[in-house]
>>> print(open('run-v7.json').read())   # JSON, C-alpha atoms and all ligand atoms
[["chain", "number", "residue", "atom", "x", "y", "z"],
["G", 274, "MET", "CA", 11.11, 17.47, 21.42],
["G", 275, "SER", "CA", 8.57, 19.69, 23.17],
["G", 276, "LEU", "CA", 9.62, 23.16, 24.21],
["G", 277, "ASN", "CA", 7.74, 25.36, 26.63],
["G", 278, "PHE", "CA", 6.44, 28.04, 24.28],
["G", 279, "VAL", "CA", 4.74, 31.19, 25.51],
["G", 280, "PRO", "CA", 3.06, 33.78, 23.28],
["G", 281, "ALA", "CA", 5.30, 36.60, 22.09],
["G", 282, "THR", "CA", 4.50, 40.04, 23.41],
["G", 283, "GLY", "CA", 4.71, 43.59, 22.07],
["G", 284, "ALA", "CA", 4.94, 44.28, 18.34],
["G", 285, "LEU", "CA", 5.19, 40.58, 17.47],
["G", 286, "ALA", "CA", 1.86, 39.86, 19.18],
["G", 287, "ALA", "CA", 0.15, 42.45, 16.97],
["G", 288, "LEU", "CA", 0.94, 40.53, 13.76],
["G", 289, "ASP", "CA", -2.46, 38.93, 13.27],
["G", 290, "LEU", "CA", -1.62, 36.73, 10.27],
["G", 291, "LEU", "CA", 1.14, 35.03, 12.25],
["G", 292, "VAL", "CA", 1.16, 33.23, 15.56],
["G", 293, "ILE", "CA", 4.48, 33.81, 17.30],
["G", 294, "GLU", "CA", 5.56, 32.07, 20.45],
["G", 295, "ILE", "CA", 8.88, 31.82, 22.20],
["G", 296, "ALA", "CA", 10.63, 29.20, 24.28],
["G", 297, "GLY", "CA", 13.92, 30.59, 25.52],
["G", 298, "ALA", "CA", 16.25, 30.82, 22.51],
["G", 299, "VAL", "CA", 13.75, 29.32, 20.02],
["G", 300, "ALA", "CA", 10.89, 31.22, 18.39],
["G", 301, "HIS", "CA", 8.03, 29.50, 16.61],
["G", 302, "ILE", "CA", 6.44, 31.51, 13.80],
["G", 303, "ARG", "CA", 3.29, 30.01, 12.28],
["G", 304, "LEU", "CA", 1.57, 31.26, 9.14],
["G", 305, "ASN", "CA", -1.96, 31.74, 10.36],
["G", 306, "ARG", "CA", -4.21, 32.20, 7.35],
["G", 307, "GLN", "CA", -5.45, 28.67, 7.01],
["G", 308, "VAL", "CA", -8.85, 29.54, 5.47],
["G", 309, "LYS", "CA", -6.82, 30.66, 2.43],
["G", 310, "ARG", "CA", -4.31, 27.83, 2.88],
["G", 311, "ASN", "CA", -1.76, 30.37, 4.14],
["G", 312, "ALA", "CA", -1.70, 32.09, 0.74],
["G", 313, "ILE", "CA", 0.57, 35.11, 1.05],
["G", 314, "ASN", "CA", -1.15, 38.44, 0.49],
["G", 315, "ASP", "CA", 0.46, 41.87, 0.84],
["G", 316, "ALA", "CA", -0.32, 42.01, 4.55],
["G", 317, "LEU", "CA", 1.20, 38.60, 5.25],
["G", 318, "ILE", "CA", 4.43, 39.31, 3.38],
["G", 319, "ALA", "CA", 4.76, 42.61, 5.29],
["G", 320, "GLN", "CA", 4.14, 40.81, 8.59],
["G", 321, "LEU", "CA", 6.70, 38.12, 7.80],
["G", 322, "HIS", "CA", 9.26, 40.84, 7.08],
["G", 323, "SER", "CA", 8.40, 42.67, 10.32],
["G", 324, "ALA", "CA", 8.59, 39.48, 12.37],
["G", 325, "PHE", "CA", 12.03, 38.48, 11.13],
["G", 326, "VAL", "CA", 13.57, 41.93, 11.63],
["G", 327, "SER", "CA", 12.03, 42.30, 15.10],
["G", 328, "LEU", "CA", 12.99, 39.04, 16.79],
["G", 329, "PRO", "CA", 13.94, 39.52, 20.45],
["G", 330, "GLU", "CA", 17.68, 39.46, 21.14],
["G", 331, "ALA", "CA", 17.33, 36.24, 23.16],
["G", 332, "VAL", "CA", 16.04, 34.32, 20.12],
["G", 333, "LYS", "CA", 18.81, 32.33, 18.42],
["G", 334, "ALA", "CA", 16.81, 30.10, 16.04],
["G", 335, "VAL", "CA", 13.33, 30.00, 14.51],
["G", 336, "VAL", "CA", 10.92, 27.22, 13.56],
["G", 337, "LEU", "CA", 8.55, 28.28, 10.75],
["G", 338, "THR", "CA", 5.31, 26.33, 10.23],
["G", 339, "GLY", "CA", 1.93, 26.73, 8.54],
["G", 340, "ALA", "CA", -1.45, 26.33, 10.26],
["G", 341, "GLY", "CA", -4.00, 23.87, 8.91],
["G", 342, "GLU", "CA", -3.64, 21.23, 6.21],
["G", 343, "HIS", "CA", -0.97, 22.97, 4.12],
["G", 344, "PHE", "CA", 2.27, 24.84, 4.71],
["G", 345, "CYS", "CA", 1.54, 27.53, 2.13],
["G", 346, "ALA", "CA", -0.44, 27.95, -1.13],
["G", 347, "GLY", "CA", 1.91, 30.64, -2.44],
["G", 348, "LEU", "CA", 0.96, 34.07, -3.69],
["G", 349, "ASP", "CA", -2.59, 35.18, -2.95],
["G", 350, "LEU", "CA", -3.83, 35.11, -6.52],
["G", 351, "SER", "CA", -6.81, 37.34, -5.73],
["G", 352, "GLU", "CA", -4.46, 40.33, -5.46],
["G", 353, "ILE", "CA", -2.50, 39.83, -8.70],
["G", 354, "SER", "CA", -4.95, 40.85, -11.41],
["G", 355, "GLU", "CA", -5.22, 44.53, -10.46],
["G", 356, "ARG", "CA", -1.47, 45.21, -10.52],
["G", 357, "SER", "CA", 0.24, 47.25, -13.24],
["G", 358, "VAL", "CA", 3.68, 46.18, -14.53],
["G", 359, "ALA", "CA", 5.36, 48.80, -12.33],
["G", 360, "GLU", "CA", 3.39, 47.68, -9.28],
["G", 361, "GLY", "CA", 4.31, 44.09, -10.08],
["G", 362, "ILE", "CA", 8.02, 44.93, -9.86],
["G", 363, "ILE", "CA", 7.58, 46.69, -6.51],
["G", 364, "HIS", "CA", 5.47, 43.80, -5.25],
["G", 365, "SER", "CA", 8.16, 41.29, -6.17],
["G", 366, "ARG", "CA", 10.77, 43.44, -4.45],
["G", 367, "THR", "CA", 8.72, 43.42, -1.22],
["G", 368, "TRP", "CA", 8.86, 39.62, -1.32],
["G", 369, "HIS", "CA", 12.61, 39.75, -1.95],
["G", 370, "ALA", "CA", 13.07, 42.01, 1.07],
["G", 371, "ALA", "CA", 11.06, 39.66, 3.29],
["G", 372, "MET", "CA", 12.83, 36.52, 2.04],
["G", 373, "ASP", "CA", 16.23, 38.21, 2.44],
["G", 374, "ALA", "CA", 15.27, 39.11, 6.01],
["G", 375, "ILE", "CA", 14.84, 35.37, 6.54],
["G", 376, "GLN", "CA", 17.85, 34.01, 4.65],
["G", 377, "PHE", "CA", 20.27, 36.76, 5.64],
["G", 378, "GLY", "CA", 18.65, 37.69, 8.94],
["G", 379, "ARG", "CA", 20.08, 37.31, 12.39],
["G", 380, "VAL", "CA", 19.22, 33.67, 13.15],
["G", 381, "PRO", "CA", 18.88, 30.34, 11.33],
["G", 382, "VAL", "CA", 15.35, 29.27, 10.39],
["G", 383, "VAL", "CA", 14.04, 25.70, 10.23],
["G", 384, "ALA", "CA", 10.95, 25.36, 8.03],
["G", 385, "VAL", "CA", 8.60, 22.51, 8.88],
["G", 386, "LEU", "CA", 6.63, 21.57, 5.77],
["G", 387, "HIS", "CA", 3.42, 19.64, 5.27],
["G", 388, "GLY", "CA", 0.76, 19.46, 2.58],
["G", 389, "ALA", "CA", 1.09, 21.97, -0.24],
["G", 390, "VAL", "CA", 4.39, 23.85, -0.51],
["G", 391, "VAL", "CA", 3.65, 25.55, -3.77],
["G", 392, "GLY", "CA", 4.61, 28.66, -5.69],
["G", 393, "GLY", "CA", 5.51, 31.37, -3.22],
["G", 394, "GLY", "CA", 5.24, 28.76, -0.48],
["G", 395, "LEU", "CA", 8.23, 26.99, -1.97],
["G", 396, "GLU", "CA", 9.99, 30.33, -2.36],
["G", 397, "LEU", "CA", 9.41, 30.97, 1.34],
["G", 398, "ALA", "CA", 10.63, 27.50, 2.30],
["G", 399, "SER", "CA", 13.71, 27.98, 0.12],
["G", 400, "SER", "CA", 14.68, 31.13, 1.98],
["G", 401, "CYS", "CA", 14.94, 29.12, 5.21],
["G", 402, "HIS", "CA", 18.14, 27.37, 6.21],
["G", 403, "ILE", "CA", 16.85, 23.86, 6.88],
["G", 404, "ARG", "CA", 13.67, 22.19, 5.67],
["G", 405, "VAL", "CA", 11.95, 19.32, 7.49],
["G", 406, "ALA", "CA", 9.18, 17.78, 5.38],
["G", 407, "GLU", "CA", 6.38, 15.66, 6.77],
["G", 408, "GLU", "CA", 5.38, 12.78, 4.49],
["G", 409, "SER", "CA", 2.26, 14.69, 3.38],
["G", 410, "THR", "CA", 4.41, 17.40, 1.77],
["G", 411, "TYR", "CA", 4.23, 18.07, -1.95],
["G", 412, "TYR", "CA", 6.04, 20.70, -3.95],
["G", 413, "GLY", "CA", 4.79, 22.54, -7.01],
["G", 414, "LEU", "CA", 5.51, 25.66, -9.00],
["G", 415, "PRO", "CA", 2.12, 26.32, -10.64],
["G", 416, "GLU", "CA", 3.28, 29.72, -11.86],
["G", 417, "GLY", "CA", 3.92, 28.10, -15.24],
["G", 418, "GLN", "CA", 0.28, 27.02, -15.43],
["G", 419, "ARG", "CA", -1.04, 30.36, -14.11],
["G", 420, "GLY", "CA", 0.75, 32.28, -16.89],
["G", 421, "ILE", "CA", 3.16, 34.01, -14.53],
["G", 422, "PHE", "CA", 6.74, 33.63, -13.28],
["G", 423, "VAL", "CA", 8.16, 33.24, -9.81],
["G", 424, "GLY", "CA", 8.67, 36.61, -8.13],
["G", 425, "GLY", "CA", 9.57, 35.84, -4.54],
["G", 426, "GLY", "CA", 13.17, 34.81, -5.06],
["G", 427, "GLY", "CA", 12.41, 31.32, -6.37],
["G", 428, "SER", "CA", 14.49, 31.61, -9.53],
["G", 429, "ALA", "CA", 17.56, 32.35, -7.42],
["G", 430, "ARG", "CA", 16.90, 29.98, -4.51],
["G", 431, "VAL", "CA", 15.12, 26.88, -5.83],
["G", 432, "PRO", "CA", 17.80, 26.02, -8.44],
["G", 433, "ARG", "CA", 20.44, 26.32, -5.72],
["G", 434, "LEU", "CA", 18.62, 23.55, -3.85],
["G", 435, "ALA", "CA", 17.27, 21.33, -6.60],
["G", 436, "GLY", "CA", 18.95, 22.49, -9.83],
["G", 437, "VAL", "CA", 17.75, 24.46, -12.84],
["G", 438, "ALA", "CA", 16.55, 21.29, -14.61],
["G", 439, "THR", "CA", 14.17, 20.31, -11.80],
["G", 440, "MET", "CA", 12.77, 23.82, -11.54],
["G", 441, "THR", "CA", 12.37, 24.04, -15.32],
["G", 442, "ASP", "CA", 10.46, 20.75, -15.34],
["G", 443, "MET", "CA", 8.22, 21.83, -12.44],
["G", 444, "MET", "CA", 7.40, 25.14, -14.10],
["G", 445, "LEU", "CA", 6.98, 24.00, -17.69],
["G", 446, "THR", "CA", 5.04, 20.80, -17.03],
["G", 447, "GLY", "CA", 3.41, 21.45, -13.66],
["G", 448, "ARG", "CA", 5.27, 18.47, -12.23],
["G", 449, "VAL", "CA", 4.56, 17.97, -8.53],
["G", 450, "LEU", "CA", 7.16, 16.32, -6.33],
["G", 451, "ASP", "CA", 6.25, 14.34, -3.24],
["G", 452, "ALA", "CA", 8.16, 14.48, 0.03],
["G", 453, "GLY", "CA", 10.58, 11.69, -0.94],
["G", 454, "GLU", "CA", 11.37, 13.14, -4.37],
["G", 455, "GLY", "CA", 11.78, 16.55, -2.79],
["G", 456, "GLU", "CA", 14.31, 15.21, -0.32],
["G", 457, "ARG", "CA", 16.23, 13.34, -3.03],
["G", 458, "ARG", "CA", 16.44, 16.51, -5.12],
["G", 459, "GLY", "CA", 17.53, 18.70, -2.21],
["G", 460, "LEU", "CA", 14.31, 20.54, -1.44],
["G", 461, "SER", "CA", 14.32, 19.19, 2.11],
["G", 462, "GLN", "CA", 17.01, 17.77, 4.35],
["G", 463, "TYR", "CA", 14.66, 15.57, 6.40],
["G", 464, "VAL", "CA", 11.46, 13.62, 5.78],
["G", 465, "VAL", "CA", 9.53, 12.67, 8.90],
["G", 466, "ALA", "CA", 6.18, 11.04, 9.70],
["G", 467, "ASN", "CA", 3.07, 13.19, 9.57],
["G", 468, "GLY", "CA", 2.51, 15.02, 12.82],
["G", 469, "THR", "CA", 6.15, 14.81, 13.93],
["G", 470, "GLY", "CA", 7.65, 17.68, 11.95],
["G", 471, "PHE", "CA", 7.23, 20.32, 14.61],
["G", 472, "ALA", "CA", 9.00, 18.22, 17.25],
["G", 473, "LYS", "CA", 11.83, 17.55, 14.79],
["G", 474, "GLY", "CA", 12.02, 21.24, 13.87],
["G", 475, "CYS", "CA", 12.19, 22.20, 17.57],
["G", 476, "GLU", "CA", 14.91, 19.60, 18.19],
["G", 477, "LEU", "CA", 17.02, 21.01, 15.33],
["G", 478, "ALA", "CA", 16.36, 24.63, 16.31],
["G", 479, "ALA", "CA", 17.37, 23.97, 19.92],
["G", 480, "LYS", "CA", 20.65, 22.44, 18.70],
["G", 481, "ILE", "CA", 21.28, 25.36, 16.37],
["G", 482, "ALA", "CA", 20.51, 27.88, 19.13],
["G", 483, "GLY", "CA", 23.23, 26.27, 21.25],
["G", 484, "ASN", "CA", 25.96, 26.83, 18.64],
["G", 485, "ALA", "CA", 28.54, 29.59, 18.97],
["G", 486, "PRO", "CA", 27.00, 32.78, 17.53],
["G", 487, "LEU", "CA", 29.81, 33.47, 15.05],
["G", 488, "SER", "CA", 29.69, 29.90, 13.84],
["G", 489, "ASN", "CA", 25.99, 30.25, 12.97],
["G", 490, "PHE", "CA", 26.70, 33.67, 11.47],
["G", 491, "SER", "CA", 29.39, 32.30, 9.18],
["G", 492, "VAL", "CA", 27.17, 29.43, 7.99],
["G", 493, "MET", "CA", 24.25, 31.75, 7.27],
["G", 494, "GLN", "CA", 26.11, 34.71, 5.83],
["G", 495, "ALA", "CA", 29.40, 33.46, 4.42],
["G", 496, "LEU", "CA", 28.54, 30.00, 3.09],
["G", 497, "PRO", "CA", 25.94, 30.97, 0.45],
["G", 498, "ARG", "CA", 28.05, 33.94, -0.65],
["G", 499, "ILE", "CA", 31.19, 31.83, -0.98],
["G", 500, "ALA", "CA", 29.21, 29.42, -3.15],
["G", 501, "ASP", "CA", 28.53, 32.33, -5.52],
["G", 502, "LEU", "CA", 32.19, 33.39, -5.74],
["G", 503, "SER", "CA", 34.96, 32.05, -7.91],
["G", 504, "GLN", "CA", 36.98, 29.40, -6.09],
["G", 505, "PRO", "CA", 40.01, 31.63, -5.38],
["G", 506, "ASP", "CA", 37.80, 34.46, -4.10],
["G", 507, "GLY", "CA", 35.71, 32.00, -2.09],
["G", 508, "LEU", "CA", 38.80, 30.51, -0.47],
["G", 509, "PHE", "CA", 40.05, 33.97, 0.44],
["G", 510, "VAL", "CA", 36.73, 34.87, 2.11],
["G", 511, "GLU", "CA", 36.74, 31.47, 3.83],
["G", 512, "SER", "CA", 40.14, 32.24, 5.39],
["G", 513, "LEU", "CA", 38.86, 35.54, 6.76],
["G", 514, "MET", "CA", 35.68, 34.00, 8.10],
["G", 515, "ALA", "CA", 37.51, 31.05, 9.62],
["G", 516, "ALA", "CA", 39.95, 33.34, 11.44],
["G", 517, "ILE", "CA", 37.13, 35.56, 12.71],
["G", 518, "ALA", "CA", 35.08, 32.60, 13.98],
["G", 519, "GLN", "CA", 37.96, 30.78, 15.63],
["G", 520, "GLY", "CA", 39.25, 33.97, 17.24],
["G", 521, "ASP", "CA", 36.03, 34.32, 19.19],
["G", 522, "GLU", "CA", 36.06, 33.29, 22.87],
["G", 523, "ALA", "CA", 33.00, 31.05, 22.33],
["G", 524, "ALA", "CA", 35.01, 28.99, 19.82],
["G", 525, "LYS", "CA", 38.10, 28.86, 22.02],
["G", 526, "GLU", "CA", 36.04, 27.58, 24.96],
["G", 527, "ARG", "CA", 34.41, 24.87, 22.84],
["G", 528, "VAL", "CA", 37.75, 23.66, 21.52],
["G", 529, "ARG", "CA", 39.20, 23.64, 25.06],
["G", 530, "ALA", "CA", 36.15, 21.68, 26.26],
["G", 531, "PHE", "CA", 36.83, 18.97, 23.68],
["G", 532, "LEU", "CA", 40.54, 18.78, 24.46],
["G", 533, "GLU", "CA", 39.74, 18.53, 28.17],
["G", 534, "LYS", "CA", 37.20, 15.75, 27.46],
["G", 535, "ARG", "CA", 34.27, 17.92, 28.56],
["G", 536, "ALA", "CA", 32.56, 17.94, 25.15],
["G", 537, "GLY", "CA", 30.89, 15.19, 23.17],
["G", 538, "LYS", "CA", 32.52, 13.26, 20.34],
["G", 539, "VAL", "CA", 31.13, 13.02, 16.83],
["G", 540, "GLU", "CA", 29.01, 9.87, 16.98],
["G", 541, "LYS", "CA", 27.44, 7.62, 14.39],
["G", 542, "LYS", "CA", 23.64, 7.76, 14.29],
["G", 543, "SER", "CA", 22.20, 4.85, 16.31],
["A", 1, "LIG", "C1", -6.25, 30.79, -2.47],
["A", 1, "LIG", "C2", -4.99, 30.31, -2.86],
["A", 1, "LIG", "C3", -4.10, 31.22, -3.49],
["A", 1, "LIG", "C4", -6.05, 28.68, -1.94],
["A", 1, "LIG", "N1", -4.53, 32.48, -3.70],
["A", 1, "LIG", "N2", -6.63, 32.04, -2.69],
["A", 1, "LIG", "N3", -0.62, 29.30, -5.91],
["A", 1, "LIG", "C5", -1.38, 28.36, -6.52],
["A", 1, "LIG", "O1", -1.62, 28.39, -7.71],
["A", 1, "LIG", "C6", -1.99, 27.33, -5.63],
["A", 1, "LIG", "C7", -3.50, 27.51, -5.59],
["A", 1, "LIG", "N4", -4.11, 26.71, -4.54],
["A", 1, "LIG", "C8", -4.34, 25.39, -4.65],
["A", 1, "LIG", "O2", -3.92, 24.72, -5.58],
["A", 1, "LIG", "C9", -5.12, 24.73, -3.56],
["A", 1, "LIG", "O3", -5.87, 25.75, -2.89],
["A", 1, "LIG", "C10", -4.26, 23.98, -2.51],
["A", 1, "LIG", "C11", -3.69, 22.73, -3.15],
["A", 1, "LIG", "C12", -3.16, 24.85, -1.95],
["A", 1, "LIG", "C13", -5.18, 23.58, -1.31],
["A", 1, "LIG", "O4", -6.31, 22.87, -1.77],
["A", 1, "LIG", "P1", -7.57, 22.71, -0.80],
["A", 1, "LIG", "O5", -8.54, 21.83, -1.49],
["A", 1, "LIG", "O6", -7.10, 22.31, 0.57],
["A", 1, "LIG", "O7", -8.18, 24.20, -0.59],
["A", 1, "LIG", "P2", -9.05, 25.07, -1.61],
["A", 1, "LIG", "O8", -10.50, 24.69, -1.45],
["A", 1, "LIG", "O9", -8.49, 25.04, -2.99],
["A", 1, "LIG", "O10", -8.80, 26.54, -1.05],
["A", 1, "LIG", "C14", -9.42, 27.03, 0.13],
["A", 1, "LIG", "C15", -9.60, 28.52, -0.04],
["A", 1, "LIG", "O11", -8.32, 29.13, -0.16],
["A", 1, "LIG", "C16", -10.35, 28.87, -1.33],
["A", 1, "LIG", "O12", -11.02, 30.09, -1.08],
["A", 1, "LIG", "P3", -12.62, 30.09, -0.78],
["A", 1, "LIG", "O13", -12.93, 31.54, -0.60],
["A", 1, "LIG", "O14", -13.25, 29.43, -1.96],
["A", 1, "LIG", "O15", -12.79, 29.28, 0.48],
["A", 1, "LIG", "C17", -9.22, 29.14, -2.30],
["A", 1, "LIG", "O16", -9.62, 29.99, -3.36],
["A", 1, "LIG", "C18", -8.23, 29.83, -1.40],
["A", 1, "LIG", "N5", -6.87, 29.76, -1.91],
["A", 1, "LIG", "N6", -4.89, 29.01, -2.52],
["A", 1, "LIG", "C19", -5.76, 32.86, -3.30],
["A", 1, "LIG", "N7", -2.88, 30.86, -3.86],
["A", 1, "LIG", "C20", 5.77, 36.12, -5.49],
["A", 1, "LIG", "S1", 5.28, 35.32, -6.81],
["A", 1, "LIG", "C21", 4.66, 33.81, -6.30],
["A", 1, "LIG", "C22", 3.79, 33.25, -7.37],
["A", 1, "LIG", "C23", 2.92, 32.15, -6.87],
["A", 1, "LIG", "O17", 2.96, 31.77, -5.74],
["A", 1, "LIG", "S2", 1.88, 31.50, -8.03],
["A", 1, "LIG", "C24", 1.19, 30.12, -7.28],
["A", 1, "LIG", "C25", -0.09, 30.45, -6.55]]
>>> encode(input="run-v7.json", output="structure tokens", more="lines below")
Ligand code: 1HE
Amino acid sequence: MSLNFVPATGALAALDLLVIEIAGAVAHIRLNRQVKRNAINDALIAQLHSAFVSLPEAVKAVVLTGAGEHFCAGLDLSEISERSVAEGIIHSRTWHAAMDAIQFGRVPVVAVLHGAVVGGGLELASSCHIRVAEESTYYGLPEGQRGIFVGGGGSARVPRLAGVATMTDMMLTGRVLDAGEGERRGLSQYVVANGTGFAKGCELAAKIAGNAPLSNFSVMQALPRIADLSQPDGLFVESLMAAIAQGDEAAKERVRAFLEKRAGKVEKKS
């Protein structure tokens, strides 16, 4: 799908390590540091945070991509050696804040992956809601080989996608997963041909943007929290969320549309 993107204006346009463009309800945010393979330095993590907390009200879904041959090479290693232990903690917390602004922000985010999705790049991808991987994608957690640990939320998010055992293997042995293995282990939901990821991401984002707002809200905000609760507590929260979502006029109209044969059926993929 091709959407008619136009460059964002105002504060978003000033973020020079990102390219941000908007097509109606869909925003496209591209990491734009390809000479360093989109490695995330302090400025880029700050800009990512700013972008996701400053999205225009009209935006209902985001497609996140990386410029050049790779999605993201992770933490900019040139900045790590000068940090004290205390600075390291603060640095990690700035990543957490940015990744939380993505995962628990206002709108769902579809990451379109290609090439290297490594270290902090995988942490970034894991904070998104859906991942589309082009066949060129490969996943690694070279922190284990660099003598460090994940610090951008990876220990909380990657095991929730692929399991503790997979992450342990990737970190201890430097194992790299290709696009197919990544999909089988839950790191992506889609694998598509090289060069087609952006169109697929736009197609998914446009669908998501058309959902009822409280429905998207409940999937983004309630679902991951319910998964962290005990079953009885989770079921209680589910009841509250279900009642809130279905009480909304947008939900009532959609249900009426189906009953009056104005809405599509659930159809098998052709
Ligand atoms: C970088 C970085 C980086 C590239 N920090 N400068 N991440 C890693 O350990 C991954 C390190 N990077 C790589 O393994 C490779 O660069 C790639 C597989 C991603 C791409 O390879 P390639 O051949 O396309 O590019 P390149 O020639 O290796 O890199 C091009 C330039 O980008 C080069 O700089 P130049 O000045 O020599 O041109 C590289 O040094 C630079 N570059 N990746 C700094 N990561 C919150 S905690 C998260 C912890 C982590 O993420 S640890 C994992 C870090």
>>> residues_near_ligand(input="run-v7.json", ligand="ligand LIG 1 (chain A)", cutoff="6 Å", atoms="all atoms listed in the file", output="MDAnalysis selection string")
chainID G and resid 308:310 312 346:351 365 389 392:393 415:416 423:425
>>> closest_residue(input="run-v7.json", among="G:Gly459, G:Gly341, G:Gly394, G:Pro381", to="Val299 of chain G", atoms="only C-alpha atoms")
G:Pro381
>>> closest_residue(input="run-v7.json", among="G:Arg529, G:His322, G:Arg498, G:Lys473", to="Gly378 of chain G", atoms="all atoms listed in the file")
G:His322
>>> closest_residue(input="run-v7.json", among="G:Val405, G:Met443, G:Ala398, G:Leu276", to="Gly426 of chain G", atoms="all atoms listed in the file")
G:Ala398
>>> closest_residue(input="run-v7.json", among="G:Thr282, G:Ser357, G:Thr367, G:Thr338", to="Gln320 of chain G", atoms="all atoms listed in the file")
G:Thr367
